[in-house]
Amino acid sequence: MIPISDDNPTLRTPVVTYLLLGAILFTWVVIQGAGFDAYKLAASVCDLGMVPGELTGRAPLGFILKMGDGIGCGIDNEAINRLTPITSMFLHGGWMHLIGNCLFFWVFGNNVEDSMGRFRFLVFYLLCGLAAAGAHVLVDPASPVPTVGASGAISGIMGAYLVLYPRVRVNMLFVIFIFIHIIPVPAWAVLVWWFVVQVISGLPQLMTVEQVTGGVAVWAHVGGFVAGVVLIKLFQNPRYTAQRTTWRHRLHPDHP
């Protein structure tokens with residue numbers, strides 16, 4: 001199931017959404033070499049990705065994590081490590097990682113920005129990303145594995161969308177073998193299902209703590225989503241939300 005659009009028009013141009021997407025793409029192409037240079041990609045993830053064990057001091061200095069043939073990432077105590085919860089939000093580990101995050105951001109981000117205003121949205125986005133980073137560190141504080149991706153912050157946007165527009169229809173692309181269908185699904189069903197999958201996927205991490213863990217940082221997704229649900233009432237602009245609801249009902253009088 002892949003969200004490709006929603007029936008939720010915007011009243012204002014989502015400038016910050018565009019700028020953040022632009023920053024993510026710029027980082028991928030210029031700093032990470034668009035994934036075509038394995039060394040450049042690994043170096044960006046190692047140097048600018050968030051390593052829980054570096055932030056907590058629980059990963060041994062000098063430990064080398066193998067990231068490919070002849071490529072290793074060492075644990076250090078450089079000053080830039082303190083900034084990695086933010087810098088890691090703009091990095092990605094591959095094309096599918098990048099495309100997936102950008103697609104979810106594209107579908108849900110513009111409506112949330114339109115409901116709170118540009119500056120509030122930027123602060124909200126960063127706070128959700130930091131909450132996601134905190135959740136990931138809390139679950140695995142000694143991990144020497146770099147974490148990258150905008151998915152924690154985007155999860156916060158999804159949590160906010162669930163609170164603001166639970167009944168709006170999201171057009172989902174279903175691919176079943178050779179059959180492709182686009183089916184409108186209520187946002188609450190899409191987002192609640194996604195959240196439940198993240199929690200279930202993350203439960204094994206709570207039961208078994210390994211020296212080196214990898215894969216998807218699902219607890220970052222959970223932390224970001226919960227932050228979005230909790231913070232949205234503080235950041236939304238009630239006047240903007242009312243205007244959007246009125247406008248949506250005029251355009252789609254038969255939709256909830």
# chains A, B, ... in the order shown; residues from 1 in each chain; ligands from 1

call {"tool": "residues_around", "arguments": {"residues": "Gln32 of chain A", "least_positions_apart": "5", "cutoff": "10 Å", "atoms": "only C-alpha atoms", "output": "ChimeraX atom specification"}}
result
/A:25-27,37-45,91-94

call {"tool": "select_by_dssp", "arguments": {"residues": "segment 17-254 of chain A", "states": "alpha helix (DSSP H)", "output": "PyMOL selection string"}}
result
chain A and resi 17-26+38-48+52-56+84-87+95-116+118-139+151-164+187-207+218-235+238-251

call {"tool": "select_by_dssp", "arguments": {"residues": "segment 118-194 of chain A", "states": "strand (DSSP E or B)", "output": "list in words"}}
result
Thr147, Arg169, Val170, Asn171, Met172, Leu173, Phe174, Val175, Ile176, Phe179, Ile180, His181, Ile182, Ile183, Pro184, Val185 and Pro186 of chain A

call {"tool": "write_last_selection", "arguments": {"atoms": "N, CA and C atoms", "output": "tab-separated table (two decimals), in the first residue's frame"}}
result
chain	number	residue	atom	x	y	z
A	147	THR	N	22.18	6.21	12.31
A	147	THR	CA	20.79	6.26	11.90
A	147	THR	C	20.57	7.50	11.04
A	169	ARG	N	-10.07	11.29	2.63
A	169	ARG	CA	-9.71	10.10	1.85
A	169	ARG	C	-8.31	10.23	1.28
A	170	VAL	N	-7.52	9.19	1.49
A	170	VAL	CA	-6.17	9.11	0.94
A	170	VAL	C	-6.19	8.08	-0.18
A	171	ASN	N	-5.70	8.45	-1.34
A	171	ASN	CA	-5.68	7.55	-2.49
A	171	ASN	C	-4.47	6.63	-2.38
A	172	MET	N	-4.75	5.34	-2.16
A	172	MET	CA	-3.70	4.36	-1.93
A	172	MET	C	-3.49	3.50	-3.18
A	173	LEU	N	-2.23	3.31	-3.51
A	173	LEU	CA	-1.87	2.44	-4.64
A	173	LEU	C	-1.64	1.03	-4.11
A	174	PHE	N	-2.47	0.10	-4.55
A	174	PHE	CA	-2.34	-1.30	-4.17
A	174	PHE	C	-1.73	-2.06	-5.35
A	175	VAL	N	-0.63	-2.73	-5.10
A	175	VAL	CA	0.03	-3.54	-6.12
A	175	VAL	C	-0.01	-5.00	-5.67
A	176	ILE	N	-0.79	-5.82	-6.38
A	176	ILE	CA	-0.93	-7.24	-6.07
A	176	ILE	C	-0.53	-8.02	-7.31
A	179	PHE	N	-1.58	-6.84	-10.78
A	179	PHE	CA	-2.76	-5.99	-10.69
A	179	PHE	C	-2.44	-4.73	-9.90
A	180	ILE	N	-2.80	-3.58	-10.46
A	180	ILE	CA	-2.56	-2.29	-9.81
A	180	ILE	C	-3.89	-1.57	-9.66
A	181	HIS	N	-4.21	-1.17	-8.45
A	181	HIS	CA	-5.46	-0.48	-8.17
A	181	HIS	C	-5.19	0.74	-7.30
A	182	ILE	N	-5.95	1.80	-7.54
A	182	ILE	CA	-5.92	2.98	-6.68
A	182	ILE	C	-7.25	3.04	-5.95
A	183	ILE	N	-7.20	2.96	-4.62
A	183	ILE	CA	-8.41	2.89	-3.81
A	183	ILE	C	-8.37	3.99	-2.77
A	184	PRO	N	-9.43	4.82	-2.70
A	184	PRO	CA	-9.49	5.84	-1.63
A	184	PRO	C	-9.80	5.20	-0.29
A	185	VAL	N	-9.01	5.53	0.71
A	185	VAL	CA	-9.15	4.94	2.05
A	185	VAL	C	-9.16	6.08	3.06
A	186	PRO	N	-10.02	6.03	4.08
A	186	PRO	CA	-10.00	7.08	5.11
A	186	PRO	C	-8.61	7.19	5.74

call {"tool": "residues_around", "arguments": {"residues": "segment 234-241 of chain A", "least_positions_apart": "6", "cutoff": "9 Å", "atoms": "only C-alpha atoms", "output": "list in words"}}
result
Leu11, Val112, Glu113, Asp114, Ser115, Met116, Gly117, Arg120, Phe121, Val123, Phe124 and Leu164 of chain A

call {"tool": "residues_around", "arguments": {"residues": "segment 137-142 of chain A", "least_positions_apart": "5", "cutoff": "6 Å", "atoms": "only C-alpha atoms", "output": "PDB file with N, CA, C and O atoms, in the first residue's frame"}}
result
ATOM      1  N   PRO A  52      23.594   6.507  18.348  1.00  0.00           N
ATOM      2  CA  PRO A  52      23.169   6.577  19.743  1.00  0.00           C
ATOM      3  C   PRO A  52      24.311   6.430  20.740  1.00  0.00           C
ATOM      4  O   PRO A  52      24.390   7.159  21.730  1.00  0.00           O
ATOM      5  N   GLY A  53      25.211   5.482  20.466  1.00  0.00           N
ATOM      6  CA  GLY A  53      26.314   5.236  21.386  1.00  0.00           C
ATOM      7  C   GLY A  53      27.287   6.388  21.506  1.00  0.00           C
ATOM      8  O   GLY A  53      27.956   6.536  22.540  1.00  0.00           O
ATOM      9  N   ARG A  58      28.130   5.462  25.460  1.00  0.00           N
ATOM     10  CA  ARG A  58      28.104   4.049  25.832  1.00  0.00           C
ATOM     11  C   ARG A  58      28.695   3.131  24.768  1.00  0.00           C
ATOM     12  O   ARG A  58      28.847   1.933  25.008  1.00  0.00           O
ATOM     13  N   ALA A  59      29.020   3.674  23.602  1.00  0.00           N
ATOM     14  CA  ALA A  59      29.723   2.889  22.593  1.00  0.00           C
ATOM     15  C   ALA A  59      31.224   3.126  22.770  1.00  0.00           C
ATOM     16  O   ALA A  59      31.654   4.268  22.958  1.00  0.00           O
TER      17      ALA A  59
END

call {"tool": "atom_distance", "arguments": {"atom1": "atom CA of Ile75 of chain A", "atom2": "atom CA of Ser143 of chain A"}}
result
10.2 Å

call {"tool": "closest_residue", "arguments": {"among": "A:Val163, A:Leu191, A:Ile24, A:Val145", "to": "Gly228 of chain A", "atoms": "only C-alpha atoms"}}
result
A:Val163

call {"tool": "closest_residue", "arguments": {"among": "A:Gly62, A:Pro85, A:Gly202, A:Gly74", "to": "Met50 of chain A", "atoms": "only C-alpha atoms"}}
result
A:Pro85

call {"tool": "residues_around", "arguments": {"residues": "Val107 of chain A", "least_positions_apart": "4", "cutoff": "9 Å", "atoms": "only C-alpha atoms", "output": "list of chain:residue names"}}
result
A:Pro3, A:Ile4, A:Ser5, A:Asp6, A:Cys102, A:Leu103, A:Asn111, A:Val170

call {"tool": "closest_residue", "arguments": {"among": "A:Pro60, A:Gly109, A:Gly68, A:Gly100", "to": "Pro9 of chain A", "atoms": "only C-alpha atoms"}}
result
A:Gly109

call {"tool": "closest_residue", "arguments": {"among": "A:Phe177, A:Pro146, A:His97, A:Asn8", "to": "Ile64 of chain A", "atoms": "only C-alpha atoms"}}
result
A:Pro146

call {"tool": "atom_distance", "arguments": {"atom1": "atom CA of Phe225 of chain A", "atom2": "atom CA of Met158 of chain A"}}
result
6.5 Å

call {"tool": "atom_distance", "arguments": {"atom1": "atom CA of Trp106 of chain A", "atom2": "atom CA of Arg82 of chain A"}}
result
28.8 Å

call {"tool": "decode", "arguments": {"residues": "segment 18-48 of chain A", "atoms": "N, CA, C and O atoms", "output": "CSV table (one decimal), in the first residue's frame"}}
result
chain,number,residue,atom,x,y,z
A,18,TYR,N,8.1,22.4,0.5
A,18,TYR,CA,8.9,22.4,-0.7
A,18,TYR,C,10.4,22.6,-0.4
A,18,TYR,O,11.3,22.0,-0.9
A,19,LEU,N,10.7,23.6,0.6
A,19,LEU,CA,12.0,23.9,0.9
A,19,LEU,C,12.7,22.7,1.6
A,19,LEU,O,13.9,22.4,1.4
A,20,LEU,N,11.9,22.0,2.5
A,20,LEU,CA,12.5,20.8,3.2
A,20,LEU,C,12.7,19.7,2.2
A,20,LEU,O,13.8,19.0,2.3
A,21,LEU,N,11.8,19.5,1.3
A,21,LEU,CA,12.0,18.5,0.3
A,21,LEU,C,13.3,18.8,-0.6
A,21,LEU,O,14.1,18.0,-0.9
A,22,GLY,N,13.4,20.1,-0.9
A,22,GLY,CA,14.5,20.6,-1.7
A,22,GLY,C,15.8,20.3,-0.9
A,22,GLY,O,16.9,19.9,-1.5
A,23,ALA,N,15.8,20.6,0.4
A,23,ALA,CA,17.0,20.4,1.2
A,23,ALA,C,17.4,18.9,1.3
A,23,ALA,O,18.6,18.6,1.2
A,24,ILE,N,16.4,18.1,1.4
A,24,ILE,CA,16.6,16.6,1.4
A,24,ILE,C,17.2,16.2,0.1
A,24,ILE,O,18.2,15.4,0.1
A,25,LEU,N,16.7,16.6,-1.0
A,25,LEU,CA,17.2,16.2,-2.3
A,25,LEU,C,18.6,16.8,-2.6
A,25,LEU,O,19.5,16.1,-3.1
A,26,PHE,N,18.8,18.0,-2.2
A,26,PHE,CA,20.1,18.6,-2.3
A,26,PHE,C,21.2,17.8,-1.5
A,26,PHE,O,22.3,17.6,-2.0
A,27,THR,N,20.8,17.5,-0.3
A,27,THR,CA,21.8,16.7,0.5
A,27,THR,C,22.1,15.4,-0.1
A,27,THR,O,23.2,14.9,-0.1
A,28,TRP,N,21.0,14.7,-0.7
A,28,TRP,CA,21.2,13.4,-1.3
A,28,TRP,C,22.2,13.5,-2.5
A,28,TRP,O,23.1,12.7,-2.7
A,29,VAL,N,22.0,14.5,-3.3
A,29,VAL,CA,22.8,14.6,-4.5
A,29,VAL,C,24.2,15.2,-4.3
A,29,VAL,O,25.2,14.6,-4.7
A,30,VAL,N,24.3,16.3,-3.5
A,30,VAL,CA,25.5,16.9,-3.4
A,30,VAL,C,26.4,16.3,-2.3
A,30,VAL,O,27.6,16.1,-2.5
A,31,ILE,N,25.9,16.1,-1.1
A,31,ILE,CA,26.7,15.5,0.0
A,31,ILE,C,26.8,14.0,-0.1
A,31,ILE,O,27.8,13.5,0.3
A,32,GLN,N,25.7,13.3,-0.5
A,32,GLN,CA,25.8,11.9,-0.5
A,32,GLN,C,26.1,11.3,-1.9
A,32,GLN,O,26.1,10.0,-2.0
A,33,GLY,N,26.3,12.1,-2.9
A,33,GLY,CA,26.6,11.6,-4.2
A,33,GLY,C,25.5,10.8,-4.9
A,33,GLY,O,25.8,10.0,-5.8
A,34,ALA,N,24.3,11.1,-4.4
A,34,ALA,CA,23.1,10.4,-5.0
A,34,ALA,C,23.2,8.9,-4.9
A,34,ALA,O,22.6,8.1,-5.7
A,35,GLY,N,24.0,8.4,-4.0
A,35,GLY,CA,24.2,6.9,-3.8
A,35,GLY,C,25.0,6.2,-4.8
A,35,GLY,O,25.2,5.0,-4.7
A,36,PHE,N,25.6,7.0,-5.7
A,36,PHE,CA,26.5,6.3,-6.8
A,36,PHE,C,27.9,6.1,-6.4
A,36,PHE,O,28.6,5.3,-7.0
A,37,ASP,N,28.3,6.8,-5.3
A,37,ASP,CA,29.7,6.7,-4.8
A,37,ASP,C,29.6,6.0,-3.4
A,37,ASP,O,29.2,6.7,-2.5
A,38,ALA,N,29.9,4.7,-3.3
A,38,ALA,CA,29.7,4.0,-2.1
A,38,ALA,C,30.5,4.6,-0.9
A,38,ALA,O,30.0,4.7,0.2
A,39,TYR,N,31.7,5.1,-1.2
A,39,TYR,CA,32.5,5.7,-0.1
A,39,TYR,C,31.9,7.0,0.3
A,39,TYR,O,31.8,7.2,1.5
A,40,LYS,N,31.5,7.8,-0.6
A,40,LYS,CA,30.9,9.1,-0.2
A,40,LYS,C,29.6,8.9,0.5
A,40,LYS,O,29.3,9.6,1.5
A,41,LEU,N,28.8,8.0,0.1
A,41,LEU,CA,27.6,7.7,0.8
A,41,LEU,C,27.9,7.2,2.3
A,41,LEU,O,27.3,7.7,3.2
A,42,ALA,N,28.8,6.3,2.4
A,42,ALA,CA,29.1,5.7,3.7
A,42,ALA,C,29.7,6.8,4.6
A,42,ALA,O,29.4,6.9,5.8
A,43,ALA,N,30.6,7.7,4.0
A,43,ALA,CA,31.2,8.7,4.8
A,43,ALA,C,30.2,9.7,5.3
A,43,ALA,O,30.2,10.2,6.5
A,44,SER,N,29.2,10.0,4.5
A,44,SER,CA,28.1,11.0,4.9
A,44,SER,C,27.3,10.4,6.1
A,44,SER,O,27.0,11.1,7.0
A,45,VAL,N,27.0,9.1,5.9
A,45,VAL,CA,26.2,8.4,7.0
A,45,VAL,C,27.0,8.3,8.3
A,45,VAL,O,26.4,8.6,9.4
A,46,CYS,N,28.2,8.0,8.2
A,46,CYS,CA,29.1,7.9,9.3
A,46,CYS,C,29.3,9.2,10.0
A,46,CYS,O,29.2,9.3,11.3
A,47,ASP,N,29.6,10.2,9.3
A,47,ASP,CA,30.0,11.5,9.9
A,47,ASP,C,28.8,12.3,10.3
A,47,ASP,O,28.9,13.1,11.3
A,48,LEU,N,27.7,12.3,9.6
A,48,LEU,CA,26.6,13.1,9.9
A,48,LEU,C,25.3,12.4,10.4
A,48,LEU,O,24.3,13.0,10.8
